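So this one's query.txt, compact mmCIF, C-alpha atoms and all ligand atoms:
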# COMPACT_ATOMS: atom_id res chain seq x y z
CA MET A 1 -39.13 22.00 26.71
CA SER A 2 -36.56 19.24 27.29
CA ILE A 3 -33.01 19.77 26.23
CA ASP A 4 -33.35 16.82 23.80
CA THR A 5 -36.30 18.45 22.03
CA LYS A 6 -34.40 21.73 21.81
CA VAL A 7 -31.41 19.96 20.26
CA ASP A 8 -33.73 18.14 17.84
CA GLN A 9 -35.36 21.41 16.79
CA LEU A 10 -32.03 23.07 16.29
CA ARG A 11 -30.80 20.15 14.21
CA ALA A 12 -34.00 20.16 12.18
CA ARG A 13 -33.60 23.86 11.48
CA LEU A 14 -30.05 23.31 10.31
CA LEU A 15 -31.31 20.55 8.04
CA GLY A 16 -33.90 22.93 6.65
CA LYS A 17 -36.78 20.87 8.01
CA THR A 18 -38.51 23.26 10.39
CA GLY A 19 -41.64 21.80 11.85
CA GLU A 20 -40.29 18.25 11.74
CA THR A 21 -38.03 16.84 14.38
CA ALA A 22 -34.51 15.96 13.29
CA SER A 23 -35.05 12.30 14.17
CA ALA A 24 -38.07 12.22 11.83
CA ALA A 25 -35.96 13.83 9.08
CA ARG A 26 -33.43 11.06 9.46
CA ARG A 27 -35.94 8.20 9.77
CA VAL A 28 -35.23 5.28 7.41
CA LYS A 29 -37.36 2.28 6.56
CA LEU A 30 -35.68 -0.61 8.32
CA LEU A 31 -34.99 -3.58 6.05
CA PRO A 32 -33.37 -6.94 6.76
CA GLU A 33 -30.24 -5.71 4.90
CA HIS A 34 -29.77 -3.23 7.74
CA TYR A 35 -29.54 -5.79 10.53
CA ASP A 36 -28.95 -9.22 8.96
CA ILE A 37 -25.33 -9.50 7.83
CA ALA A 38 -26.18 -12.34 5.45
CA GLN A 39 -28.32 -9.84 3.53
CA PHE A 40 -25.85 -6.97 3.37
CA PRO A 41 -25.26 -5.90 -0.27
CA GLU A 42 -21.60 -6.92 0.03
CA MET A 43 -22.73 -10.51 0.48
CA ARG A 44 -24.80 -10.28 -2.71
CA ASP A 45 -21.74 -8.96 -4.56
CA PHE A 46 -19.67 -11.81 -3.16
CA ALA A 47 -22.25 -14.42 -4.23
CA THR A 48 -22.26 -12.92 -7.76
CA MET A 49 -18.49 -13.12 -7.92
CA ARG A 50 -18.46 -16.78 -6.74
CA TRP A 51 -21.14 -17.60 -9.28
CA TYR A 52 -19.08 -15.95 -12.02
CA TYR A 53 -15.96 -17.96 -11.15
CA ASP A 54 -17.92 -21.26 -11.07
CA ASN A 55 -19.86 -20.43 -14.23
CA GLN A 56 -16.67 -19.58 -16.14
CA ARG A 57 -14.72 -22.50 -14.60
CA LEU A 58 -12.08 -20.13 -13.24
CA PRO A 59 -9.83 -21.31 -10.42
CA TRP A 60 -10.64 -19.47 -7.19
CA GLN A 61 -7.34 -17.82 -6.25
CA MET A 62 -8.15 -15.87 -3.11
CA TYR A 63 -7.01 -17.22 0.24
CA ARG A 64 -5.32 -20.18 -1.49
CA GLN A 65 -2.93 -21.75 0.98
CA HIS A 66 0.70 -22.12 0.16
CA LEU A 67 3.19 -24.48 1.73
CA GLY A 68 6.78 -23.52 2.48
CA VAL A 69 8.24 -20.12 1.62
CA ALA A 70 6.96 -17.72 -0.99
CA SER A 71 9.94 -16.95 -3.23
CA ALA A 72 10.12 -16.87 -7.06
CA GLU A 73 8.35 -20.20 -6.77
CA VAL A 74 5.69 -21.15 -4.31
CA ASN A 75 3.97 -24.40 -3.50
CA VAL A 76 0.23 -23.81 -3.72
CA GLU A 77 -1.66 -26.70 -2.18
CA GLY A 78 1.00 -29.22 -3.17
CA ARG A 79 1.74 -27.78 -6.64
CA ASP A 80 4.93 -25.84 -7.44
CA MET A 81 4.05 -22.60 -9.19
CA LEU A 82 5.88 -19.58 -10.54
CA ASN A 83 5.07 -16.76 -8.17
CA PHE A 84 4.64 -13.11 -9.16
CA SER A 85 2.26 -12.23 -6.34
CA SER A 86 4.60 -11.80 -3.35
CA TYR A 87 6.33 -8.53 -2.51
CA ASN A 88 9.31 -10.26 -0.94
CA TYR A 89 11.45 -8.04 -3.21
CA LEU A 90 14.87 -8.83 -1.78
CA ASP A 91 13.98 -12.50 -1.20
CA LEU A 92 14.87 -12.19 2.47
CA SER A 93 11.85 -13.84 4.13
CA HIS A 94 13.67 -17.17 4.17
CA ASP A 95 17.25 -15.87 4.45
CA PRO A 96 18.95 -17.79 7.31
CA ARG A 97 20.27 -14.53 8.82
CA VAL A 98 16.79 -13.05 9.04
CA LYS A 99 15.20 -16.26 10.30
CA ASN A 100 17.90 -16.78 12.94
CA ALA A 101 17.58 -13.19 14.17
CA ALA A 102 13.83 -13.70 14.63
CA LYS A 103 14.36 -17.03 16.43
CA HIS A 104 16.99 -15.51 18.71
CA ALA A 105 14.65 -12.62 19.59
CA ILE A 106 11.95 -15.08 20.60
CA ASP A 107 14.46 -16.89 22.81
CA MET A 108 15.49 -13.59 24.40
CA TYR A 109 12.14 -11.82 24.78
CA GLY A 110 9.39 -14.37 24.09
CA THR A 111 6.68 -14.04 21.48
CA SER A 112 5.28 -10.75 22.81
CA THR A 113 6.39 -7.88 25.02
CA GLY A 114 2.96 -7.99 26.65
CA SER A 115 2.41 -4.23 26.58
CA GLY A 116 2.46 -1.01 24.61
CA ARG A 117 5.94 0.47 24.17
CA ILE A 118 5.17 3.57 26.22
CA VAL A 119 4.26 1.50 29.27
CA ARG A 120 6.22 -1.73 29.69
CA GLY A 121 6.72 -2.99 26.11
CA GLU A 122 10.05 -1.37 25.21
CA ILE A 123 13.01 -3.66 24.35
CA PRO A 124 16.46 -2.67 23.00
CA LEU A 125 15.71 -4.18 19.58
CA PHE A 126 13.18 -1.47 18.72
CA GLU A 127 15.60 1.36 19.33
CA GLU A 128 18.43 -0.48 17.61
CA PHE A 129 16.32 -0.86 14.47
CA GLU A 130 15.13 2.75 14.63
CA GLN A 131 18.60 4.21 15.09
CA GLU A 132 20.16 2.14 12.28
CA LEU A 133 17.24 2.96 10.01
CA ALA A 134 17.46 6.70 10.71
CA ASP A 135 21.23 6.60 10.03
CA THR A 136 20.64 4.67 6.80
CA LEU A 137 18.01 7.12 5.61
CA GLY A 138 20.05 10.13 6.71
CA VAL A 139 17.37 11.54 9.02
CA GLU A 140 17.37 12.28 12.73
CA ALA A 141 14.99 9.68 14.09
CA ALA A 142 12.52 6.89 13.36
CA VAL A 143 9.76 5.02 15.14
CA MET A 144 8.55 1.52 14.32
CA GLY A 145 4.96 0.33 14.66
CA VAL A 146 2.98 -2.88 14.27
CA SER A 147 1.33 -2.64 10.86
CA GLY A 148 1.86 -0.75 7.62
CA TRP A 149 -1.81 -0.01 7.15
CA GLY A 150 -2.32 0.98 10.75
CA VAL A 151 0.74 3.24 11.06
CA ASN A 152 -0.05 5.03 7.80
CA ALA A 153 -3.63 5.66 8.90
CA GLY A 154 -2.51 6.60 12.41
CA VAL A 155 0.21 9.07 11.38
CA ILE A 156 -1.93 10.94 8.88
CA GLY A 157 -4.94 10.80 11.21
CA TYR A 158 -2.80 12.36 13.90
CA LEU A 159 -0.81 14.94 11.92
CA ALA A 160 -3.80 16.56 10.22
CA ARG A 161 -6.82 18.01 12.05
CA GLY A 162 -10.18 19.52 11.16
CA GLN A 163 -8.64 22.91 10.36
CA ASP A 164 -6.02 21.39 8.03
CA LEU A 165 -5.75 20.40 4.37
CA ILE A 166 -4.65 17.09 2.86
CA LEU A 167 -3.73 16.93 -0.83
CA TYR A 168 -3.20 13.45 -2.13
CA ASP A 169 -2.30 11.79 -5.40
CA GLU A 170 -5.49 10.04 -6.54
CA LEU A 171 -3.66 6.68 -6.58
CA VAL A 172 -2.27 6.61 -3.03
CA HIS A 173 -2.90 3.50 -0.96
CA ASN A 174 -6.09 2.90 0.99
CA SER A 175 -4.20 3.25 4.29
CA MET A 176 -3.30 6.86 3.42
CA LEU A 177 -6.87 7.62 2.37
CA THR A 178 -8.17 6.14 5.59
CA GLY A 179 -5.77 8.28 7.63
CA ALA A 180 -6.96 11.33 5.74
CA LYS A 181 -10.59 10.46 6.54
CA ILE A 182 -9.84 9.83 10.21
CA SER A 183 -8.11 13.20 10.47
CA GLY A 184 -11.26 15.18 9.67
CA ALA A 185 -9.15 17.50 7.48
CA ARG A 186 -10.37 18.86 4.14
CA ARG A 187 -9.31 16.27 1.55
CA LEU A 188 -8.49 17.12 -2.05
CA ALA A 189 -7.19 14.63 -4.61
CA PHE A 190 -4.98 15.65 -7.52
CA ALA A 191 -4.76 13.63 -10.74
CA HIS A 192 -1.99 11.03 -10.69
CA ASN A 193 1.43 12.74 -10.79
CA ASP A 194 -0.19 15.95 -12.05
CA TYR A 195 1.90 18.62 -10.30
CA ASP A 196 0.22 21.53 -12.08
CA ALA A 197 -3.11 20.32 -10.68
CA LEU A 198 -1.55 20.12 -7.21
CA GLU A 199 -0.23 23.68 -7.54
CA ARG A 200 -3.64 24.92 -8.65
CA LEU A 201 -5.29 23.34 -5.61
CA LEU A 202 -2.68 24.82 -3.30
CA ARG A 203 -3.03 28.28 -4.81
CA GLU A 204 -6.79 28.14 -4.39
CA HIS A 205 -7.10 26.50 -0.97
CA ARG A 206 -3.85 26.75 0.98
CA GLY A 207 -4.77 30.10 2.49
CA SER A 208 -7.89 28.71 4.18
CA TYR A 209 -6.17 26.05 6.24
CA GLU A 210 -3.48 25.76 8.90
CA ARG A 211 -1.34 22.67 8.19
CA ALA A 212 -1.21 21.29 4.63
CA LEU A 213 -0.03 17.73 4.04
CA ILE A 214 0.85 16.34 0.59
CA LEU A 215 0.66 12.55 0.22
CA THR A 216 2.37 10.43 -2.42
CA GLU A 217 4.07 7.05 -2.82
CA GLY A 218 7.70 6.26 -3.69
CA VAL A 219 6.59 3.64 -6.22
CA PHE A 220 2.88 3.42 -6.94
CA SER A 221 1.65 0.00 -5.94
CA MET A 222 -0.67 -0.66 -8.87
CA ASP A 223 1.34 1.01 -11.65
CA GLY A 224 5.01 0.64 -10.71
CA ASP A 225 5.79 4.27 -11.58
CA ILE A 226 7.73 6.85 -9.55
CA PRO A 227 6.57 10.41 -8.79
CA ASP A 228 8.79 13.44 -9.38
CA VAL A 229 9.79 13.86 -5.73
CA PRO A 230 12.15 16.85 -6.33
CA ARG A 231 9.25 18.69 -7.95
CA LEU A 232 6.99 17.85 -5.01
CA ILE A 233 9.65 19.18 -2.65
CA ASP A 234 9.81 22.43 -4.58
CA ILE A 235 6.01 22.75 -4.45
CA LYS A 236 5.71 21.94 -0.76
CA ARG A 237 8.43 24.49 0.08
CA ARG A 238 6.78 27.31 -1.83
CA HIS A 239 3.40 26.60 -0.23
CA HIS A 240 4.64 25.88 3.28
CA ALA A 241 3.22 22.37 3.17
CA LEU A 242 4.50 19.05 4.56
CA LEU A 243 5.40 16.15 2.27
CA MET A 244 4.85 12.51 3.21
CA VAL A 245 6.12 9.68 1.00
CA ASP A 246 4.92 6.08 1.38
CA GLU A 247 7.96 4.00 0.49
CA ALA A 248 6.28 0.58 0.79
CA HIS A 249 7.42 -0.39 -2.73
CA SER A 250 10.46 1.86 -3.14
CA MET A 251 12.53 1.32 0.03
CA GLY A 252 14.97 -1.52 -0.54
CA VAL A 253 14.36 -1.47 -4.29
CA ILE A 254 14.97 1.81 -6.15
CA GLY A 255 18.12 3.93 -6.31
CA PRO A 256 21.74 2.87 -6.88
CA ARG A 257 21.92 1.49 -3.32
CA GLY A 258 18.28 0.42 -3.21
CA LEU A 259 17.53 2.92 -0.45
CA GLY A 260 14.37 4.41 -1.89
CA VAL A 261 13.45 7.81 -3.28
CA VAL A 262 16.24 9.74 -1.51
CA ASP A 263 18.79 7.44 -3.12
CA TYR A 264 17.01 7.40 -6.50
CA PHE A 265 16.80 11.19 -6.82
CA ASP A 266 19.91 11.98 -4.77
CA ILE A 267 18.00 14.48 -2.66
CA ASP A 268 18.44 15.74 0.90
CA PRO A 269 16.42 13.32 3.08
CA ARG A 270 15.40 16.23 5.32
CA ASP A 271 13.35 17.64 2.45
CA ILE A 272 10.78 14.88 2.95
CA ASP A 273 8.97 15.66 6.19
CA VAL A 274 7.50 12.21 6.78
CA HIS A 275 9.23 9.06 5.49
CA PHE A 276 7.00 6.00 5.80
CA SER A 277 7.37 2.38 4.85
CA THR A 278 5.76 -0.88 5.75
CA LEU A 279 8.13 -3.67 6.82
CA SER A 280 6.12 -6.31 4.95
CA LYS A 281 7.94 -5.92 1.65
CA SER A 282 11.74 -5.49 1.38
CA PHE A 283 12.08 -5.91 5.16
CA ALA A 284 10.57 -9.41 4.97
CA THR A 285 8.46 -9.18 8.10
CA ILE A 286 5.47 -7.13 9.24
CA GLY A 287 5.17 -3.69 10.83
CA ALA A 288 6.12 -0.20 9.67
CA TYR A 289 8.30 2.80 10.35
CA VAL A 290 7.97 6.55 10.21
CA ALA A 291 11.16 8.58 10.01
CA GLY A 292 12.10 12.24 9.90
CA SER A 293 12.93 14.93 12.45
CA LYS A 294 13.37 14.28 16.17
CA GLU A 295 10.30 16.40 16.84
CA LEU A 296 8.11 14.37 14.44
CA VAL A 297 9.15 11.12 16.08
CA THR A 298 8.73 12.45 19.62
CA MET A 299 5.22 13.65 18.80
CA LEU A 300 4.22 10.32 17.28
CA LYS A 301 5.71 8.32 20.15
CA TYR A 302 4.00 10.35 22.86
CA TYR A 303 0.71 11.44 21.29
CA ALA A 304 -0.30 9.46 18.18
CA PRO A 305 -2.95 6.73 18.58
CA GLY A 306 -1.94 3.60 16.67
CA ILE A 307 1.78 4.40 16.97
CA GLY A 308 2.74 5.33 20.54
CA LEU A 309 -0.68 5.19 22.18
CA TYR A 310 -3.54 2.69 22.43
CA ILE A 311 -1.54 -0.03 20.71
CA ALA A 312 0.69 -2.94 21.72
CA SER A 313 4.37 -2.92 20.80
CA PRO A 314 5.63 -4.73 17.71
CA ASN A 315 6.67 -8.23 18.59
CA PRO A 316 10.35 -9.00 19.20
CA ALA A 317 10.68 -11.40 16.25
CA ASN A 318 9.38 -8.75 13.80
CA ALA A 319 11.83 -6.14 15.04
CA ALA A 320 14.75 -8.58 14.88
CA ALA A 321 13.81 -9.67 11.35
CA ALA A 322 13.50 -6.03 10.24
CA LEU A 323 16.91 -5.17 11.70
CA ALA A 324 18.59 -8.17 10.05
CA ALA A 325 16.91 -7.31 6.73
CA LEU A 326 17.99 -3.66 7.02
CA ARG A 327 21.62 -4.70 7.51
CA ILE A 328 21.49 -7.02 4.50
CA MET A 329 19.76 -4.32 2.43
CA ARG A 330 22.60 -1.92 3.26
CA ASP A 331 25.44 -4.41 2.82
CA GLU A 332 24.17 -6.12 -0.33
CA PRO A 333 22.89 -3.43 -2.72
CA GLN A 334 23.25 -5.95 -5.53
CA ARG A 335 19.91 -7.42 -4.37
CA ALA A 336 18.08 -4.21 -5.27
CA ARG A 337 19.93 -4.07 -8.57
CA SER A 338 18.79 -7.65 -9.29
CA VAL A 339 15.15 -6.67 -8.71
CA ILE A 340 15.40 -3.75 -11.11
CA GLY A 341 17.45 -5.79 -13.59
CA ILE A 342 14.89 -8.59 -13.83
CA ALA A 343 11.95 -6.14 -13.78
CA ASP A 344 13.55 -4.18 -16.67
CA TYR A 345 13.95 -7.47 -18.52
CA PHE A 346 10.28 -8.29 -17.86
CA ARG A 347 9.20 -4.82 -19.09
CA GLN A 348 11.28 -5.14 -22.26
CA ARG A 349 10.09 -8.66 -23.08
CA ALA A 350 6.47 -7.71 -22.39
CA GLN A 351 6.65 -4.70 -24.72
CA ASP A 352 8.36 -6.81 -27.40
CA ALA A 353 5.39 -9.18 -27.14
CA GLY A 354 2.93 -6.31 -27.66
CA LEU A 355 1.75 -6.23 -24.04
CA ASP A 356 0.85 -2.94 -22.37
CA ILE A 357 2.89 -2.31 -19.19
CA GLY A 358 1.25 1.01 -18.30
CA PRO A 359 3.61 3.66 -16.89
CA SER A 360 5.84 1.15 -15.02
CA HIS A 361 9.54 2.05 -14.94
CA ASP A 362 12.62 1.56 -12.71
CA SER A 363 10.64 -0.40 -10.10
CA GLY A 364 9.83 -4.01 -9.16
CA ILE A 365 6.13 -3.73 -10.10
CA VAL A 366 4.89 -4.35 -13.64
CA PRO A 367 1.19 -4.23 -14.53
CA ILE A 368 0.00 -5.93 -17.68
CA MET A 369 -3.01 -3.89 -18.67
CA MET A 370 -6.22 -5.71 -19.57
CA PRO A 371 -9.10 -4.45 -21.72
CA ASP A 372 -11.78 -5.34 -19.11
CA SER A 373 -12.46 -7.26 -15.86
CA GLU A 374 -13.56 -10.48 -17.53
CA THR A 375 -10.39 -10.71 -19.61
CA ALA A 376 -8.30 -9.98 -16.49
CA LEU A 377 -10.00 -12.78 -14.56
CA TRP A 378 -9.79 -15.18 -17.50
CA MET A 379 -6.09 -14.47 -18.17
CA SER A 380 -5.20 -14.81 -14.51
CA GLY A 381 -7.20 -18.05 -14.23
CA ARG A 382 -5.56 -19.60 -17.28
CA LEU A 383 -2.11 -18.51 -16.03
CA PHE A 384 -2.92 -20.21 -12.74
CA ASP A 385 -3.89 -23.40 -14.59
CA ALA A 386 -0.52 -23.19 -16.39
CA GLY A 387 1.33 -22.88 -13.08
CA VAL A 388 1.87 -19.10 -12.89
CA PHE A 389 0.48 -17.05 -10.03
CA ALA A 390 -0.26 -13.41 -11.02
CA PHE A 391 -3.19 -11.72 -9.35
CA PRO A 392 -5.91 -9.85 -11.28
CA MET A 393 -6.60 -6.27 -10.16
CA ILE A 394 -10.12 -5.16 -10.95
CA PHE A 395 -12.58 -2.54 -9.70
CA PRO A 396 -12.74 -1.32 -6.92
CA VAL A 397 -9.00 -1.90 -6.31
CA VAL A 398 -8.25 -0.07 -9.57
CA PRO A 399 -10.59 2.22 -11.54
CA ARG A 400 -12.91 0.66 -14.12
CA ASN A 401 -11.22 0.39 -17.54
CA ALA A 402 -7.84 0.14 -15.82
CA GLU A 403 -7.95 -3.58 -15.02
CA ARG A 404 -4.64 -5.40 -15.03
CA LEU A 405 -2.60 -8.35 -13.88
CA ARG A 406 0.04 -7.23 -11.43
CA PHE A 407 3.52 -8.76 -11.41
CA PHE A 408 5.95 -8.32 -8.53
CA LEU A 409 9.54 -9.10 -9.51
CA SER A 410 12.08 -10.11 -6.90
CA ALA A 411 15.80 -10.74 -6.61
CA ALA A 412 15.00 -14.46 -6.93
CA HIS A 413 13.33 -14.39 -10.37
CA THR A 414 15.27 -15.62 -13.40
CA LYS A 415 15.20 -14.64 -17.07
CA GLU A 416 14.02 -18.12 -17.95
CA GLN A 417 10.98 -17.71 -15.66
CA VAL A 418 10.23 -14.33 -17.23
CA ASP A 419 10.54 -15.72 -20.77
CA ARG A 420 8.15 -18.56 -19.94
CA THR A 421 5.63 -16.15 -18.44
CA ILE A 422 5.73 -13.62 -21.28
CA ALA A 423 5.29 -16.38 -23.86
CA LEU A 424 2.25 -17.63 -21.96
CA LEU A 425 0.80 -14.13 -21.63
CA ALA A 426 1.20 -13.45 -25.34
CA GLN A 427 -0.40 -16.76 -26.24
CA LEU A 428 -3.33 -16.24 -23.84
CA LYS A 429 -3.89 -12.69 -25.02
CA ALA A 430 -4.19 -13.94 -28.61
CA ASN A 431 -6.78 -16.51 -27.54
CA ALA A 432 -8.78 -14.54 -24.97
CA PRO A 433 -12.54 -14.93 -25.46
CA LYS A 434 -14.66 -11.86 -26.00
CA PRO A 435 -16.12 -10.53 -22.70
CA LYS A 436 -19.75 -11.54 -22.17
CA GLY A 437 -20.71 -8.50 -20.12
CA LEU A 438 -21.47 -10.70 -17.11
CA ILE A 439 -19.62 -8.63 -14.52
C1 LIG B 501 1.71 1.56 -0.73
C2 LIG B 501 1.33 0.77 0.48
N1 LIG B 501 1.24 1.40 1.66
C3 LIG B 501 0.89 0.75 2.78
C4 LIG B 501 0.60 -0.60 2.77
C5 LIG B 501 0.18 -1.28 4.03
O1 LIG B 501 1.18 -2.13 4.50
P1 LIG B 501 0.87 -3.51 5.22
O2 LIG B 501 0.15 -4.40 4.24
O3 LIG B 501 2.21 -4.05 5.57
O4 LIG B 501 0.01 -3.25 6.40
C6 LIG B 501 0.67 -1.30 1.57
C7 LIG B 501 0.35 -2.74 1.54
O5 LIG B 501 0.21 -3.44 0.64
C8 LIG B 501 1.04 -0.60 0.38
O6 LIG B 501 1.12 -1.22 -0.81

Rewrite the structure of this file - the entire thing - as structure tokens.
Amino acid sequence: MSIDTKVDQLRARLLGKTGETASAARRVKLLPEHYDIAQFPEMRDFATMRWYYDNQRLPWQMYRQHLGVASAEVNVEGRDMLNFSSYNYLDLSHDPRVKNAAKHAIDMYGTSTGSGRIVRGEIPLFEEFEQELADTLGVEAAVMGVSGWGVNAGVIGYLARGQDLILYDELVHNSMLTGAKISGARRLAFAHNDYDALERLLREHRGSYERALILTEGVFSMDGDIPDVPRLIDIKRRHHALLMVDEAHSMGVIGPRGLGVVDYFDIDPRDIDVHFSTLSKSFATIGAYVAGSKELVTMLKYYAPGIGLYIASPNPANAAAALAALRIMRDEPQRARSVIGIADYFRQRAQDAGLDIGPSHDSGIVPIMMPDSETALWMSGRLFDAGVFAFPMIFPVVPRNAERLRFFLSAAHTKEQVDRTIALLAQLKANAPKPKGLI
């Protein structure tokens, strides 16, 4: 008997199909949708969505090109619009200091280092950013990488293994979920900000696994709310778990100095094991960092795919922009206070107008909850026609029956712009057609 047949028989037995070979048990009827991309179900979904937009005469908003910078206003295909869809919180993406730092880095090092950091791609800018960031956060060390999504997935995928446990808030970002999947660890979700549920899961399962990693965000990206980080620290301590906080929407924005959850809660930064943030929001560029203990950073730099290994270095201009933005963030905390000030104003005006802002508080993100997908698309389309860009969030990005328009507030927005937008929202809400059940 060949080794292949033996393996097949063994597999078949495990599948409970004795007598059949495993390949027969797994045989599927091949259809065009399995090998012709044009017939993949995703393409049918896309065609339905395009049809819906055309049928309802809604402006197609995805991949719309803008000209110039994206600040509180943005020029979309030649038309100046009010912009609530950029996460340029501190309005630094067009700050002359940030732009000049990036230009200077290109003059010094070119547009690419031409290698991974571990081999030949290291330049002083990376370490300068990492050291200043670690000092700012009050931790020992930091490492920067090339993409928020990729670093999040890479770190979690590396830190947890098959014999480990990952417990995550059900609303964490896709990049964290992907990292959890890559890791092969047992994954358990707890209801959003439900710490009793987290404790229950830990009590029941902690004992069966080696490492346990708890994942949350500093500000939740769809809801604009903030988890109880001190409570999470208490829980992780008692259960000997590690805590990782994704500060994509909190770093640079929340806390008296705008320095994220540590600043907001006035906690010891060493109590969070893994500090993460993308650089695409308050840092006005692209890339990410992970910060924490020296040992964490050494491990990631020398062993983690997607951070230290199998990946090119960030480019010099990104690092220089991040460093310039970090210095401004530290020196000008009034920018963070402006974001929260205008977002608080938006929240108050929205509630006065009878709009539902969900659980949003103390952050730069405000959802305006919608009763269904069709109303969300209609409201967003009519806002677009009126010169206001606010993106609709519908399933699968948010759960069904939790559709919303999401507003990002920045240091550049004015009260007058908020007033205009809230008046429009209230007027549209009063005139929204009944959903037709088409999508
Ligand atoms: C909470 C959160 N984490 C991670 C990311 C990924 O960052 P990036 O888009 O910079 O890759 C995002 C991006 O939107 C995010 O909102």

Once you add 6 Å to each side, what are the centre and edge lengths of the axis-aligned box holding all listed atoms of ligand LIG 501 (chain B)? One decimal in Å, as JSON, if you can.
{"center_x": 1.1, "center_y": -1.4, "center_z": 2.8, "size_x": 14.2, "size_y": 18.0, "size_z": 19.2}

Give me, as a Markdown table, the closest atom pair and its distance (Å, one decimal) for every residue of chain A within a cut-off of 7 Å of ligand LIG 501 (chain B), counting all atoms listed in the file, rows sorted by chain and rising number.
| residue | atom | partner | partner_atom | distance |
| --- | --- | --- | --- | --- |
| A:Ser147 | CA | B:LIG501 | O4 | 4.7 |
| A:Gly148 | CA | B:LIG501 | O4 | 3.3 |
| A:Trp149 | CA | B:LIG501 | O4 | 3.8 |
| A:Gly150 | CA | B:LIG501 | O4 | 6.5 |
| A:Asn152 | CA | B:LIG501 | C3 | 6.7 |
| A:Val172 | CA | B:LIG501 | C1 | 6.8 |
| A:His173 | CA | B:LIG501 | C1 | 5.0 |
| A:Ser175 | CA | B:LIG501 | C3 | 5.9 |
| A:Glu217 | CA | B:LIG501 | C1 | 6.3 |
| A:Phe220 | CA | B:LIG501 | C1 | 6.6 |
| A:Ser221 | CA | B:LIG501 | O6 | 5.3 |
| A:Asp246 | CA | B:LIG501 | C1 | 5.9 |
| A:Glu247 | CA | B:LIG501 | C1 | 6.8 |
| A:Ala248 | CA | B:LIG501 | C1 | 4.9 |
| A:His249 | CA | B:LIG501 | C1 | 6.4 |
| A:Ser277 | CA | B:LIG501 | N1 | 7.0 |
| A:Thr278 | CA | B:LIG501 | O3 | 4.8 |
| A:Leu279 | CA | B:LIG501 | O3 | 6.1 |
| A:Ser280 | CA | B:LIG501 | O3 | 4.6 |
| A:Ile286 | CA | B:LIG501 | O3 | 5.8 |
| A:Gly287 | CA | B:LIG501 | O3 | 6.0 |
| A:Ala288 | CA | B:LIG501 | O3 | 6.8 |

Checklist entry - With only C-alpha atoms as the atoms that count, which of A:Gly207, A:Pro316, A:Pro305, A:Gly292 lies nearest to Ile123 in chain A? => result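 The shortest atom-to-atom distance to Ile123 in chain A comes from A:Pro316.
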
Next on the checklist: Restricting the calculation to only C-alpha atoms: of A:Phe384, A:Phe389, A:Tyr303, A:Tyr158, which residue gets closest to Ala72 in chain A?
Outcome noted: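 Smallest separation from Ala72 in chain A among the options: A:Phe389.
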
Next on the checklist: Calculated over only C-alpha atoms, which of the candidates A:Val98, A:Met62, A:Leu201, A:Val143 has the smallest distance to Ser313 in chain A?
Outcome noted: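 That would be A:Val143, the residue with the smallest distance to Ser313 in chain A.
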
Checklist entry - From the list A:Leu171, A:Val76, A:Ala350, A:Leu67, which residue is nearest Asp223 in chain A when using all atoms listed in the file? => result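 The answer is A:Leu171, which sits nearest to Asp223 in chain A.
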
Checklist entry - With distances taken over only C-alpha atoms, which of A:Gln56, A:Ser363, A:Pro124, A:Lys434 is nearest to Asp225 in chain A? => result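 Distance minimum relative to Asp225 in chain A lands on A:Ser363.
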
Next on the checklist: List the spatial neighbours of Glu73 in chain A as JSON, numbers by chain - criterion: any atom at most 7 Å away, all atoms listed in the file, same-chain residues fewer than 5 positions off excluded.
Outcome noted: {"A": [80, 81, 82, 83]}

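Comparing A:Ser373, A:Ser410, A:Asn193, A:Thr298 by their smallest distance to Pro359 in chain A, the closest is A:Asn193 (using all atoms listed in the file).
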